[in-house]
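Working notes for the structure below.
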Amino acid sequence: MENRKKSVMLRNGVEIPGIGYGTWLLDDKTTAADVVAEAIRAGYRHIDTAAYYGNEASVAEGIRRSGVRREEIFVTSKVWYTHRSYEKTWEAFEMTMKAFGFDSLDLYLVHWPAVQKNYDNWKEVNAETWRAMEEIYRSGRVRAIGVSNFLPHHLEPLLERAKVLPMVNQIEFRPGYSQIECAKWCLERGIVPEAWRPLGAGAALNSEVMAELSQTYGKSPAQICIRWVLQHGLIPLPKSANPVRMRENLQVYDFTLSAEDMAKIDALPRDEVSAIPPDELVEN
Ligand code: A2P
């Protein structure tokens with residue numbers, strides 16, 4: 001299976017498939033289980049979800065329906081911001097495990113950093129949440145832990161106090177919203193960056209640059225986007241409900257974008273797709 005061969009090693013030796021399947025907005029009321037089963041049949045072995053997405057039970061059901069063994073699929077979930085602090089993070093984890101019905105999870109992430117806008121003692125809040133993450137990791141019920149949407153200035157105080165360093169940071173990243181400096185910062189510290197919304201919900205596919213590069217390489221704009229994310233060292237988490245496009249998004253290992261073409265994509269102007277700067281997110 002092409003996707004499985006291309007895996008990335010986390011700092012603790014755990015291997016994570018180099019492309020994941022994103023499931024945001026696949027809720028339990030629609031066909032999340034069917035879509036996840038289809039994605040696994042298409043070749044994905046890495047499924048990304050979160051308590052906030054409300055679909056953990058359906059993701060588990062999709063894995064069961066796929067016929068592929070649970071152990072062969074790398075599953076990520078995340079603790080939502082309503083469950084910060086040591087006790088609540090543990091509570092959230094137990095709820096997540098109950099929803100999945102699994103004995104263990106592959107990767108568990110803190111979904112958003114606590115920030116100054118919502119907490120005067122935000123560093124403390126992040127440290128307490130992380131203390132629970134470390135214990136969850138030591139319990140052996142998750143194979144790796146990390147964060148999401150943390151920028152270097154959120155990570156710095158966390159790294160100073162952490163006993164187990166985060167293995168992953170999942171950030172918003174795509175042509176037109178390229179947080180290249182943040183990704184580099186993470187890579188330099190052995191934190192594997194992942195890219196959510198790597199196609200800009202479709203919006204990153206329509207620029208002239210994408211059309212031109214699509215012609216040059218004989219690849220679709222989505223494949224160019226995903227390849228660009230990979231070449232920056234991130235794990236892309238594209239989403240598609242369409243089986244043909246699911247497969248298309250995995251066929252990205254047979255070409256390489258030149259340095260010049262990478263730079264063209266890097267230089268694309270900031271897009272209009274709503275990006276949420278973590279320091280601006282208002283928790284309610
Ligand atoms: P669809 O589900 O109809 O394929 P992101 O991963 O950035 O959130 O983007 C997801 C959006 O991009 C979905 O609307 C999805 O539509 C679309 N999409 C995913 N893969 C492709 C592709 N290969 N070509 C065109 N659109 C795609």
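Letters A, B, ... mark the chains of the structure tokens in the order given; residue numbers begin at 1 per chain; ligand numbers begin at 1, in order shown.
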List as number ranges by chain the protein and nucleic acid residues lying within 6 Å of ligand 1, with only C-alpha atoms and all ligand atoms counted. A: 197-202, 222, 238-242, 245, 248-249
Which neighbours of Ile171 of chain A fall inside 10 Å, counting only C-alpha atoms, when residues of the same chain fewer than 4 positions from it are skipped, and could you give them as JSON, numbers by chain? {"A": [111, 112, 147, 148, 149, 150, 151, 178, 179, 182, 183, 193, 194, 195, 196, 197, 198, 234, 236, 278]}
Can you write just those residues out, C-alpha atoms, as a compact mmCIF listing (two decimals), in the first residue's frame?
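Contents of part07.txt, freshly written:
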```
# COMPACT_ATOMS: atom_id res chain seq x y z
CA HIS A 111 -6.66 20.71 20.07
CA TRP A 112 -5.89 24.40 20.78
CA VAL A 147 -0.49 19.49 20.26
CA SER A 148 -2.43 21.29 17.58
CA ASN A 149 -2.53 24.94 16.54
CA PHE A 150 0.38 25.80 18.85
CA LEU A 151 2.71 28.50 17.55
CA SER A 178 1.71 28.62 4.59
CA GLN A 179 2.96 28.78 8.15
CA CYS A 182 6.22 27.51 12.40
CA ALA A 183 6.64 24.19 10.56
CA PRO A 193 4.15 19.06 11.86
CA GLU A 194 0.85 18.00 10.32
CA ALA A 195 -1.25 20.14 7.96
CA TRP A 196 -4.98 20.53 8.47
CA ARG A 197 -7.12 21.93 5.64
CA PRO A 198 -4.27 21.38 3.17
CA LEU A 234 4.46 18.16 6.99
CA PRO A 236 -1.07 16.49 4.99
CA PRO A 278 -4.79 30.73 17.73
```
Name all residues at most 10 Å from Tyr253 of chain A (count only C-alpha atoms; drop same-chain ones fewer than 2 positions away) and give them as a list in words.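 Here the qualifying residues turn out to be Glu2, Asn3, Lys6, Gln223, Ile226, Arg227, Leu230, Leu250, Gln251, Phe255 and Thr256 of chain A.
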Point out the residue among A:Trp24, A:Ile16, A:Tyr108, A:Trp185 with the least atom-to-atom distance to Tyr44 of chain A, counting only C-alpha atoms.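 Checking each candidate against Tyr44 of chain A, we get A:Ile16 as the closest.
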May I ask which of the residues A:Ala33, A:Glu91, A:Ser58, A:Gly20 is the closest one to Val75 of chain A, counting only C-alpha atoms? A:Gly20
